[in-house]
Amino acid sequence: MIRLYDYVLSASCYKIRLMAALLCVKLEHEAVDFHPGRAHKSAAFAQLNPAGTLPVLVDGDLILTESTAMLVYLAQLSGRDWLGPCDPKSAAQVQHWLAFSGRLAASLGMARLHDMLLYEGDIDAWRAQGHAALRELEAALSERRFAGGVWLVGDAPSIADIACFPNVALSQDGGVSLDAYPSVRLWTRAIRALDRFVEMPGIHRLHELRPAPEVA
Amino acid sequence: MIAPEVMNEWYPVAMAAQICAGQRRVTQLLGQPITVHVQDGVIVVTGQAGPLHVTEAFGHVWACPGTPAHPLFPIPEALETGRRLVDVGVVRVKCSPLRAVENFLDIAHFPFVHTDVLGAEPHTEVNRYEVQIREDSDEVWATKVTFYQPQAAKSAEGGIVTQYMYRVPAPTAAVLYKTCPARPDAWDVIGIFVQPLSEELCDVWPWMALYDDATPQAELIAFQQMIFLQDRSILENQIPRLLPLDPGMEIPTQADLTSIAYRRWLKKRGLTYGAQMVAA
């Protein structure tokens with residue numbers, strides 16, 4: 001069984017929970033007391049991940065500590081459907097968005113930790129960097145829409161979408177509104193409408209698109 | 001100028017374990033800067049005008065910026081042997097501290113905000129329950145509350161009809177008692193302690209006293225944080241920002257009895273910090 005060292009409020013951990021749910025991969029969850037216990041910074045945890053970050057994914061002797069690597073691993077295990085098209089341009093674009101997701105975590109993600117769990121730092125800079133990243137994402141997704149596309153790369157959702165989705169969908173938690181980014185909002189709806197989508201605190205399921213209970 | 005009735009109450013300002021471990025917490029209370037730290041082995045809370053009254057209870061440091069009108073309320077269950085006391089940690093919310101308490105008292109939102117955990121459609125009905133303002137303790141109590149819950153607690157296996165009692169013993173603190181899946185003869189106790197930073201910003205400290213020997217601590221914390229963070233985005237979007245104490249455009253229903261009693265109790269006692277006095 002694949003084991004995920006997990007924290008319920010972490011956007012990066014949710015990335016892996018969401019990917020696993022969409023792929024029907026069962027994970028064993030090990031809750032880590034990230035807040036208030038800071039167990040991810042403990043000596044015991046450093047044995048597992050010297051970087052002291054979450055999530056950590058363990059499958060046999062394989063230990064992964066980067067969430068984008070985990071997305072690749074889970075997607076490879078489950079056939080190639082979620083890796084994006086394999087032509088050179090698309091493959092490079094998927095890599096671009098996997099790296100870009102790191103910028104989202106370093107800006108929107110930090111703004112959220114500041115506003116919610118009292119992390120100290122330059123909140124104005126984090127929000128400004130978050131807006132800069134959202135403008136790039138908005139431009140890219142608008143181009144895709146004009147070309148009739150929905151997803152970041154290719155004609156189907158891929159690990160690129162899953163990598164970028166959590167910190168974008170949670171941006172309001174850090175005081176960054178998505179009001180100015182309509183293509184981004186539509187894209188988050190498309191992801192939330194996927195079969196087997198799972199939610200996390202701050203990211204709600206699409207109640208409004210589901211039939212009312214008495215109709216179902 | 002903040003009313004003396006507000007100044008003379010107790011407010012949570014820190015998690016005791018973190019302060020005792022040497023952390024220094026620079027924060028705010030009722031719009032004024034305060035510092036919480038250990039000095040000569042004693043927890044002190046210092047404001048601009050000097051030290052505040054301090055007491056330690058239920059895992060947290062409580063301060064009174066005025067002259068305490070009464071001792072801090074008791075939670076007798078916290079002293080029972082066999083209970084696990086869980087400090088859930090702070091979460092900041094951009095909302096009125098009174099709204100954070102009111103949300104904790106509400107049952108009707110369970111199926112919609114805590115879907116498949118504390119409630120689920122079509123089980124949305126809030127059955128009749130009783131509410132009183134107890135004169136001996138001057139607390140708001142709601143009793144005989146029942147609700148169908150798919151996963152009432154970390155230790156619950158499948159859906160159960162959960163019984164609840166709610167209690168407001170201080171303007172920015174509430175305590176609930178709910179069916180304990182592991183011990184049907186006892187109640188699990190969950191508190192929400194709200195530190196009013198300003199009228200529209202608060203630090204919220206959930207806390208639990210449970211009968212549960214099986215669930216790892218990290219999972220208990222994660223479960224309660226999941227629940228509270230589902231509320232956070234809702235709380236930050238409530239309008240008007242301040243809690244209206246007079247009926248106006250809102251039409252309360254039978255399910256809102258506890259909230260109505262809480263608002264009346266606040267008004268009667270002049271606890272209007274975070275409240276809107278003009279009918280909304």
# chains A, B, ... in the order shown; residues from 1 in each chain; ligands from 1
$ select_by_dssp --residues "segment 84-163 of chain B" --states "helix (DSSP H, G or I)" --output "list in words"
Pro97, Leu98, Arg99, Ala100, Val101, Glu102, Asn103, Phe104, Leu105, Phe110, Pro111, Phe112 and Val113 of chain B
$ write_last_selection --atoms "N, CA, C and O atoms" --output "PDB file, in the first residue's frame"
ATOM      1  N   PRO B  97     -15.608  38.435  16.203  1.00  0.00           N
ATOM      2  CA  PRO B  97     -15.471  37.322  17.163  1.00  0.00           C
ATOM      3  C   PRO B  97     -16.834  36.738  17.562  1.00  0.00           C
ATOM      4  O   PRO B  97     -16.942  35.537  17.829  1.00  0.00           O
ATOM      5  N   LEU B  98     -17.857  37.582  17.568  1.00  0.00           N
ATOM      6  CA  LEU B  98     -19.186  37.093  17.940  1.00  0.00           C
ATOM      7  C   LEU B  98     -19.761  36.192  16.850  1.00  0.00           C
ATOM      8  O   LEU B  98     -20.483  35.234  17.138  1.00  0.00           O
ATOM      9  N   ARG B  99     -19.429  36.476  15.604  1.00  0.00           N
ATOM     10  CA  ARG B  99     -19.899  35.616  14.508  1.00  0.00           C
ATOM     11  C   ARG B  99     -19.240  34.236  14.595  1.00  0.00           C
ATOM     12  O   ARG B  99     -19.856  33.223  14.268  1.00  0.00           O
ATOM     13  N   ALA B 100     -17.977  34.206  15.016  1.00  0.00           N
ATOM     14  CA  ALA B 100     -17.288  32.918  15.149  1.00  0.00           C
ATOM     15  C   ALA B 100     -17.985  32.055  16.200  1.00  0.00           C
ATOM     16  O   ALA B 100     -18.141  30.847  16.027  1.00  0.00           O
ATOM     17  N   VAL B 101     -18.420  32.686  17.298  1.00  0.00           N
ATOM     18  CA  VAL B 101     -19.136  31.941  18.341  1.00  0.00           C
ATOM     19  C   VAL B 101     -20.503  31.511  17.825  1.00  0.00           C
ATOM     20  O   VAL B 101     -20.911  30.358  17.974  1.00  0.00           O
ATOM     21  N   GLU B 102     -21.203  32.433  17.187  1.00  0.00           N
ATOM     22  CA  GLU B 102     -22.555  32.118  16.706  1.00  0.00           C
ATOM     23  C   GLU B 102     -22.540  30.941  15.736  1.00  0.00           C
ATOM     24  O   GLU B 102     -23.386  30.046  15.787  1.00  0.00           O
ATOM     25  N   ASN B 103     -21.534  30.922  14.847  1.00  0.00           N
ATOM     26  CA  ASN B 103     -21.429  29.826  13.882  1.00  0.00           C
ATOM     27  C   ASN B 103     -21.249  28.481  14.587  1.00  0.00           C
ATOM     28  O   ASN B 103     -21.799  27.463  14.161  1.00  0.00           O
ATOM     29  N   PHE B 104     -20.500  28.492  15.670  1.00  0.00           N
ATOM     30  CA  PHE B 104     -20.243  27.272  16.451  1.00  0.00           C
ATOM     31  C   PHE B 104     -21.545  26.737  17.056  1.00  0.00           C
ATOM     32  O   PHE B 104     -21.693  25.540  17.266  1.00  0.00           O
ATOM     33  N   LEU B 105     -22.489  27.658  17.327  1.00  0.00           N
ATOM     34  CA  LEU B 105     -23.755  27.265  17.957  1.00  0.00           C
ATOM     35  C   LEU B 105     -24.788  26.771  16.943  1.00  0.00           C
ATOM     36  O   LEU B 105     -25.827  26.257  17.316  1.00  0.00           O
ATOM     37  N   PHE B 110     -24.755  22.202   9.100  1.00  0.00           N
ATOM     38  CA  PHE B 110     -23.953  20.974   9.042  1.00  0.00           C
ATOM     39  C   PHE B 110     -24.003  20.257   7.680  1.00  0.00           C
ATOM     40  O   PHE B 110     -22.963  19.938   7.116  1.00  0.00           O
ATOM     41  N   PRO B 111     -25.211  19.981   7.139  1.00  0.00           N
ATOM     42  CA  PRO B 111     -25.233  19.197   5.887  1.00  0.00           C
ATOM     43  C   PRO B 111     -24.627  19.928   4.697  1.00  0.00           C
ATOM     44  O   PRO B 111     -24.223  19.296   3.726  1.00  0.00           O
ATOM     45  N   PHE B 112     -24.576  21.262   4.785  1.00  0.00           N
ATOM     46  CA  PHE B 112     -24.156  22.044   3.621  1.00  0.00           C
ATOM     47  C   PHE B 112     -22.682  22.448   3.688  1.00  0.00           C
ATOM     48  O   PHE B 112     -22.030  22.597   2.663  1.00  0.00           O
ATOM     49  N   VAL B 113     -22.170  22.649   4.900  1.00  0.00           N
ATOM     50  CA  VAL B 113     -20.773  23.094   5.052  1.00  0.00           C
ATOM     51  C   VAL B 113     -19.878  21.924   5.472  1.00  0.00           C
ATOM     52  O   VAL B 113     -18.728  21.830   5.050  1.00  0.00           O
TER      53      VAL B 113
END
$ interface_residues --of "chain A" --to "chain B" --cutoff "6 Å" --atoms "only C-alpha atoms" --output "CSV table (one decimal) with N, CA and C atoms, in the first residue's frame"
chain,number,residue,atom,x,y,z
A,8,VAL,N,-4.1,17.8,6.8
A,8,VAL,CA,-5.4,18.0,6.1
A,8,VAL,C,-5.5,19.4,5.5
A,31,ALA,N,-1.4,10.9,9.5
A,31,ALA,CA,-1.6,12.3,9.8
A,31,ALA,C,-0.4,12.8,10.5
A,32,VAL,N,0.1,14.0,10.1
A,32,VAL,CA,1.3,14.6,10.8
A,32,VAL,C,0.8,15.9,11.4
A,33,ASP,N,1.2,16.1,12.6
A,33,ASP,CA,0.7,17.3,13.4
A,33,ASP,C,1.5,18.5,13.0
A,36,PRO,N,-0.8,22.6,15.6
A,36,PRO,CA,0.2,23.5,16.1
A,36,PRO,C,1.6,22.7,16.5
A,116,MET,N,-4.0,32.6,7.8
A,116,MET,CA,-4.7,31.5,8.5
A,116,MET,C,-4.0,31.0,9.7
A,117,LEU,N,-2.7,30.7,9.6
A,117,LEU,CA,-2.0,30.0,10.6
A,117,LEU,C,-0.9,30.9,11.2
A,201,PRO,N,-11.0,21.4,3.1
A,201,PRO,CA,-11.5,22.7,3.7
A,201,PRO,C,-11.1,23.9,2.9
A,202,GLY,N,-12.1,24.7,2.5
A,202,GLY,CA,-11.8,25.8,1.7
A,202,GLY,C,-12.0,25.6,0.2
$ residues_around --residues "segment 68-80 of chain A" --least-positions-apart "6" --cutoff "9 Å" --atoms "only C-alpha atoms" --output "PyMOL selection string"
chain A and resi 15-16+19-20+23-25+56-57+98-99+101-102+158-160+162-163
$ closest_residue --among "B:Glu125, B:Asp136, B:Asp106, B:Glu157" --to "Asp256 of chain B" --atoms "only C-alpha atoms"
B:Asp106
$ residues_around --residues "segment 144-152 of chain B" --least-positions-apart "2" --cutoff "12 Å" --atoms "only C-alpha atoms" --output "PyMOL selection string"
chain B and resi 105-111+114-132+141-142+154-167+176-182+188+223-224+227+255-258
$ atom_distance --atom1 "atom CA of Cys13 of chain A" --atom2 "atom CA of Arg145 of chain A"
28.8 Å
$ closest_residue --among "A:Leu64, A:Ala44, A:Leu83, A:Val184" --to "Gly154 of chain A" --atoms "only C-alpha atoms"
A:Leu83
$ residues_around --residues "segment 132-138 of chain A" --least-positions-apart "3" --cutoff "7 Å" --atoms "only C-alpha atoms" --output "short mmCIF file (atom, residue, chain, number, x, y, z; two decimals) with N, CA, C and O atoms, in the first residue's frame"
data_model
loop_
_atom_site.label_atom_id
_atom_site.label_comp_id
_atom_site.auth_asym_id
_atom_site.auth_seq_id
_atom_site.Cartn_x
_atom_site.Cartn_y
_atom_site.Cartn_z
N LEU A 104 3.27 29.19 -7.30
CA LEU A 104 1.97 29.41 -6.63
C LEU A 104 2.08 29.12 -5.14
O LEU A 104 1.55 29.85 -4.30
N ALA A 128 1.31 40.13 -3.96
CA ALA A 128 1.67 40.71 -5.27
C ALA A 128 2.23 39.63 -6.19
O ALA A 128 1.87 39.56 -7.37
N GLN A 129 3.08 38.75 -5.65
CA GLN A 129 3.62 37.65 -6.46
C GLN A 129 2.50 36.69 -6.87
O GLN A 129 2.51 36.13 -7.97
N LEU A 141 -4.81 30.36 -19.77
CA LEU A 141 -6.10 29.66 -19.84
C LEU A 141 -7.05 30.36 -20.81
O LEU A 141 -7.87 29.70 -21.47
N SER A 142 -6.94 31.70 -20.92
CA SER A 142 -7.77 32.41 -21.90
C SER A 142 -7.39 31.98 -23.31
O SER A 142 -8.26 31.72 -24.15
N TYR A 181 -10.09 37.13 -12.47
CA TYR A 181 -9.54 36.06 -13.31
C TYR A 181 -10.64 35.07 -13.74
O TYR A 181 -10.70 33.94 -13.25
N SER A 183 -11.19 33.27 -16.48
CA SER A 183 -10.79 32.00 -17.10
C SER A 183 -10.27 31.04 -16.04
O SER A 183 -10.51 29.83 -16.11
N VAL A 184 -9.58 31.59 -15.05
CA VAL A 184 -9.09 30.76 -13.95
C VAL A 184 -10.28 30.17 -13.18
O VAL A 184 -10.28 28.98 -12.84
#
$ select_by_dssp --residues "segment 19-104 of chain A" --states "strand (DSSP E)" --output "list in words"
Leu27, Glu28, His29, Glu30, Ala31, Val56, Leu57, Val58, Asp59, Leu62, Ile63 and Leu64 of chain A
$ residues_around --residues "Leu30 of chain B" --least-positions-apart "3" --cutoff "9 Å" --atoms "only C-alpha atoms" --output "short mmCIF file (atom, residue, chain, number, x, y, z; two decimals) with N, CA, C and O atoms, in the first residue's frame"
data_model
loop_
_atom_site.label_atom_id
_atom_site.label_comp_id
_atom_site.auth_asym_id
_atom_site.auth_seq_id
_atom_site.Cartn_x
_atom_site.Cartn_y
_atom_site.Cartn_z
N ILE B 2 -14.02 51.53 24.81
CA ILE B 2 -14.66 50.23 24.92
C ILE B 2 -15.40 50.13 26.25
O ILE B 2 -14.88 50.52 27.30
N VAL B 6 -17.30 45.03 28.57
CA VAL B 6 -16.46 44.26 27.64
C VAL B 6 -15.06 44.07 28.24
O VAL B 6 -14.49 42.98 28.22
N MET B 7 -14.53 45.17 28.81
CA MET B 7 -13.17 45.14 29.36
C MET B 7 -13.06 44.19 30.54
O MET B 7 -11.98 43.63 30.80
N PRO B 33 -2.40 46.42 21.45
CA PRO B 33 -1.29 45.45 21.43
C PRO B 33 -1.03 44.84 22.81
O PRO B 33 -1.08 45.55 23.81
N PRO B 65 -8.58 42.58 30.39
CA PRO B 65 -7.93 43.89 30.30
C PRO B 65 -8.47 44.91 31.30
O PRO B 65 -7.85 45.95 31.51
N GLN B 195 -10.34 34.80 20.50
CA GLN B 195 -9.61 35.99 20.94
C GLN B 195 -9.99 37.15 20.02
O GLN B 195 -9.64 37.14 18.84
N PRO B 196 -10.70 38.17 20.54
CA PRO B 196 -11.05 39.30 19.69
C PRO B 196 -9.85 40.22 19.46
O PRO B 196 -9.46 40.95 20.35
N LEU B 197 -9.23 40.13 18.28
CA LEU B 197 -8.11 41.01 17.94
C LEU B 197 -8.66 42.41 17.69
O LEU B 197 -8.13 43.40 18.17
N SER B 198 -9.74 42.45 16.90
CA SER B 198 -10.46 43.69 16.67
C SER B 198 -11.92 43.30 16.49
O SER B 198 -12.28 42.14 16.66
N GLU B 199 -12.77 44.25 16.11
CA GLU B 199 -14.19 43.90 15.96
C GLU B 199 -14.44 43.04 14.73
O GLU B 199 -15.51 42.44 14.60
N TYR B 273 -18.91 44.42 21.78
CA TYR B 273 -17.70 44.49 20.94
C TYR B 273 -17.83 43.45 19.82
O TYR B 273 -17.94 42.26 20.08
#
$ atom_distance --atom1 "atom CA of Phe58 of chain B" --atom2 "atom CA of Gly41 of chain B"
19.1 Å
